[in-house]
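Here is the structure we will look at, set down as structure tokens.
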Protein chains: 2
Amino acid sequence: MKVAAGKIVIIGAGNVATQLGKALKKANYTIIQIYSKSIYSASTLAKYFNCAHTNHIENIDSSADLYIIAVKDDAIIDIVKKIRLTDKIIVHTSGTVEMNVLKPVSINIGVLYPLQTFTKSRILNFKTIPICLEANNTSTYKTLLLISKSISNNVQKINSNQRKKIHLAAIFANNFTNHLFTISASILKSANLSLDILKPLILETVRKINTTDPNDNQTGPAIRNDKKTMDTHLKMLINNKDYFQLYKLISKSIKTTKKNIYLD
Amino acid sequence: MKVAAGKIVIIGAGNVATQLGKALKKANYTIIQIYSKSIYSASTLAKYFNCAHTNHIENIDSSADLYIIAVKDDAIIDIVKKIRLTDKIIVHTSGTVEMNVLKPVSINIGVLYPLQTFTKSRILNFKTIPICLEANNTSTYKTLLLISKSISNNVQKINSNQRKKIHLAAIFANNFTNHLFTISASILKSANLSLDILKPLILETVRKINTTDPNDNQTGPAIRNDKKTMDTHLKMLINNKDYFQLYKLISKSIKTTKKNIYLD
């Protein structure tokens, strides 16, 4: 055992459970059991860790040191209702759920939120993934810090309020950005072209934020208030109401953000 | 002279003129003159190329083989009104302007549109930048192709209609994406955090589109129709009308795009 928490039970068998479990195994922690509502998912992931599995929450192994709840936000509260672990450390991995929902389960609670977009099959370098860490007391925090540092080089102390804001910011930077790529691809498709032609531009867009504040990098017709170009673009989008409205609204937001940079 | 077009006049001294000129110089073309409305900008860039400069359009050197108009879209038509070059090759570098606006100037016209976001001072690897090429006849196209291939490994034949769509797609993938980064940064700032914490996530968002269609990569509350999380987020954005509306509209667009992927 590297630290006090050497034996781990993972509650969940989805993308986060899979990727986090793999990283912990690589750091020599022992996953002793996987729980999932789906017996198939539980046994599939358990096979990878060569460990036990269950789809009955009352059969959760009580001998572990750390319990990680990695299920959908709405399902966390159902789990909390059904398990009691006295003083074992229990964490969830959600960006939006308060740490304190775990209070009924144990006196030692926390949040271990890995800030990344996960897909089961993708090979990720966990070392570069920021882990946002929170705990309700110092000794729990220290244990979680040790474990987190063994899987990531970027562990940060983040409270529930900050974590909520990080999650919201991530929706804009990941979910919404990806949707803009989808729109780009659909426009290109209508001209018999693929998104490939834009990839060097997309890479440069991201590279620029490493050296400059994105608000200072803003280019294009909206920031220049080039109405002629914006009108031409809106005409091209006339057959897709959502894309038309989005073009108008983002352009407006670019113009007003210039004056009013910060949210609060 | 590597090709028929060895001597080049650049009309414009902004970001595109600067970066394209530097790439052409590196490929051993001779920039013989820089024109800019601003004598200061003209002379500054001309110094780099060790060539002549002017701020009088009627003094444009008529001995060049290729003339590149790299000015703002609205200014192209003013240039066209004032120069006549018979059979010299003249191109512009705009994503949105029709090739045919150059017709009054010469019988050999084209477009050389480098698909990238340019900043004067940034060092760019031009070899990876896609060049969208168009010409009104085969011999002009061949000459422009040779020149373009000497500065980029990614030259594509693109007509005016396609180029317009590429430009619109680029607004979504670059300008609008960058604005989303600005919004992210402002949300993080309100929690005393910087955009740094999201950079691994942003990089992974971009990496994913190299292997998967972005529409298949879509994650987050909107695609899951997780109303509770979306409501929480909207409440957090209540003090910024633009960001609030944007969150609503992009989420709606993510939901409807699932059914209706393509623009046309």
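Residues in the structure tokens are named by chain (A, B, ... in the order shown) and by number from 1 within that chain; ligands are numbered from 1 in the order shown.
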
Per-residue nearest contacts of chain B to chain A (7 Å; only C-alpha atoms) as CSV:
residue,atom,partner,partner_atom,distance
B:Leu115,CA,A:Leu201,CA,6.8
B:Gln116,CA,A:Leu201,CA,5.1
B:Thr117,CA,A:Leu201,CA,6.6
B:Thr128,CA,A:Pro200,CA,6.9
B:Ile129,CA,A:Pro200,CA,6.3
B:Pro130,CA,A:Ile197,CA,6.6
B:Gln162,CA,A:Ala191,CA,5.5
B:Lys165,CA,A:Leu188,CA,6.3
B:Ile166,CA,A:Leu188,CA,6.2
B:Leu168,CA,A:His233,CA,6.4
B:Ala169,CA,A:Ser184,CA,4.3
B:Ala170,CA,A:Leu198,CA,6.8
B:Ile171,CA,A:Gly220,CA,7.0
B:Phe172,CA,A:Leu180,CA,5.7
B:Ala173,CA,A:Phe181,CA,5.7
B:Asn174,CA,A:Thr205,CA,6.0
B:Asn175,CA,A:Gly220,CA,6.0
B:Phe176,CA,A:Ile250,CA,6.7
B:Thr177,CA,A:Thr177,CA,5.5
B:Asn178,CA,A:Pro214,CA,6.1
B:His179,CA,A:Ile254,CA,6.5
B:Leu180,CA,A:Phe172,CA,5.7
B:Phe181,CA,A:Ala173,CA,5.7
B:Thr182,CA,A:Pro214,CA,5.3
B:Ser184,CA,A:Ala169,CA,4.3
B:Ser186,CA,A:Tyr262,CA,4.9
B:Ile187,CA,A:Ala169,CA,5.9
B:Leu188,CA,A:Ile166,CA,6.2
B:Ser190,CA,A:Asp264,CA,5.9
B:Ala191,CA,A:Gln162,CA,5.4
B:Ile197,CA,A:Pro130,CA,6.6
B:Leu198,CA,A:Ala170,CA,6.8
B:Pro200,CA,A:Ile129,CA,6.3
B:Leu201,CA,A:Gln116,CA,5.1
B:Ile202,CA,A:Asn174,CA,6.1
B:Thr205,CA,A:Asn174,CA,6.0
B:Pro214,CA,A:Thr182,CA,5.3
B:Asn215,CA,A:Thr182,CA,5.3
B:Gln218,CA,A:Asn175,CA,6.4
B:Thr219,CA,A:Asn175,CA,6.0
B:Gly220,CA,A:Asn175,CA,6.0
B:His233,CA,A:Leu168,CA,6.4
B:Asn240,CA,A:Leu263,CA,6.5
B:Asp242,CA,A:Ser253,CA,5.8
B:Leu246,CA,A:Leu249,CA,6.8
B:Leu249,CA,A:Leu246,CA,6.8
B:Ile250,CA,A:Phe176,CA,6.7
B:Ser253,CA,A:Asp242,CA,5.8
B:Ile254,CA,A:His179,CA,6.5
B:Ile261,CA,A:Ser186,CA,6.7
B:Tyr262,CA,A:Ser186,CA,4.8
B:Leu263,CA,A:Ser186,CA,5.6
B:Asp264,CA,A:Ser190,CA,5.9

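Here the DSSP assignment of strand (DSSP E or B), based on backbone atoms, applies within segment 79-252 of chain A to Thr86, Asp87, Lys88, Ile89, Ile90, Val91, His92, Ser106, Ile107, Asn108, Ile109, Gly110, Val111, Leu112, Tyr113, Pro114, Ile131, Cys132, Leu133, Glu134, Ala135, Val155, Gln156 and Lys157 of chain A.
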
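Here the alpha helix (DSSP H) residues in segment 23-61 of chain B, by DSSP on the backbone, are B:Ala23, B:Leu24, B:Lys25, B:Lys26, B:Ile39, B:Tyr40, B:Ser41, B:Ala42, B:Ser43, B:Thr44, B:Leu45, B:Ala46, B:Lys47, B:Tyr48, B:Phe49.
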
Considering only C-alpha atoms, can you say which of A:His56, A:Ala17, A:Ser121, A:Pro104 comes closest to Ile69 of chain A?
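Nearest to Ile69 of chain A: A:Ala17.
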
I'd like the contact shell of Val111 of chain A - 8 Å cut-off, only C-alpha atoms, skipping same-chain residues fewer than 4 positions apart - returned as a VMD selection string.
chain A and resid 91 to 94 99 132 to 135

Judged by only C-alpha atoms, the minimum distance to Arg224 of chain B among A:Lys25, A:Lys81, A:Lys7, A:Lys72 is found for A:Lys72

Mind giving me the straight-line distance from atom CA of Ile123 of chain B to atom CA of Ala13 of chain B in Å, one decimal?
->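 If I compute the distance from atom CA of Ile123 of chain B to atom CA of Ala13 of chain B, I get 16.5 Å.
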
Exercise for the section: Between atom CA of Lys37 of chain B and atom CA of Lys127 of chain B, measure the distance and give it in Å to one decimal. Expected result: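 These atoms are spaced 29.6 Å apart.
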
Q. Leaving out Ser43 of chain B and any residue of its chain fewer than 4 positions from it, which residues lie within 12 Å of it when counting only C-alpha atoms, given as a PyMOL selection string?
A. chain B and resi 12-13+33-39+47-55

Create the file for the chosen residues now, containing C-alpha atoms and written as a PDB file, in the first residue's frame.
ATOM      1  CA  GLY B  12      -1.114  46.044 -48.749  1.00  0.00           C
ATOM      2  CA  ALA B  13       1.113  45.991 -45.658  1.00  0.00           C
ATOM      3  CA  GLN B  33       7.563  46.957 -54.249  1.00  0.00           C
ATOM      4  CA  ILE B  34       5.119  47.424 -51.370  1.00  0.00           C
ATOM      5  CA  TYR B  35       2.099  49.677 -51.694  1.00  0.00           C
ATOM      6  CA  SER B  36       0.115  50.878 -48.704  1.00  0.00           C
ATOM      7  CA  LYS B  37      -2.160  53.885 -48.110  1.00  0.00           C
ATOM      8  CA  SER B  38       0.017  54.465 -45.061  1.00  0.00           C
ATOM      9  CA  ILE B  39       3.541  55.494 -46.077  1.00  0.00           C
ATOM     10  CA  LYS B  47      12.612  47.673 -45.400  1.00  0.00           C
ATOM     11  CA  TYR B  48      12.228  43.989 -44.521  1.00  0.00           C
ATOM     12  CA  PHE B  49      12.248  43.052 -48.222  1.00  0.00           C
ATOM     13  CA  ASN B  50      14.870  45.638 -49.094  1.00  0.00           C
ATOM     14  CA  CYS B  51      12.579  46.908 -51.869  1.00  0.00           C
ATOM     15  CA  ALA B  52      10.778  50.026 -53.077  1.00  0.00           C
ATOM     16  CA  HIS B  53       7.568  51.338 -51.557  1.00  0.00           C
ATOM     17  CA  THR B  54       4.823  53.810 -52.364  1.00  0.00           C
ATOM     18  CA  ASN B  55       1.592  55.189 -50.994  1.00  0.00           C
TER      19      ASN B  55
END

Any idea what's packed within 12 Å of Leu146 of chain B, counting only C-alpha atoms, ignoring anything in its chain fewer than 3 positions away? Could you give it as a PyMOL selection string?
chain B and resi 2-6+24+27+29+112+131+133+139-143+149-153+155
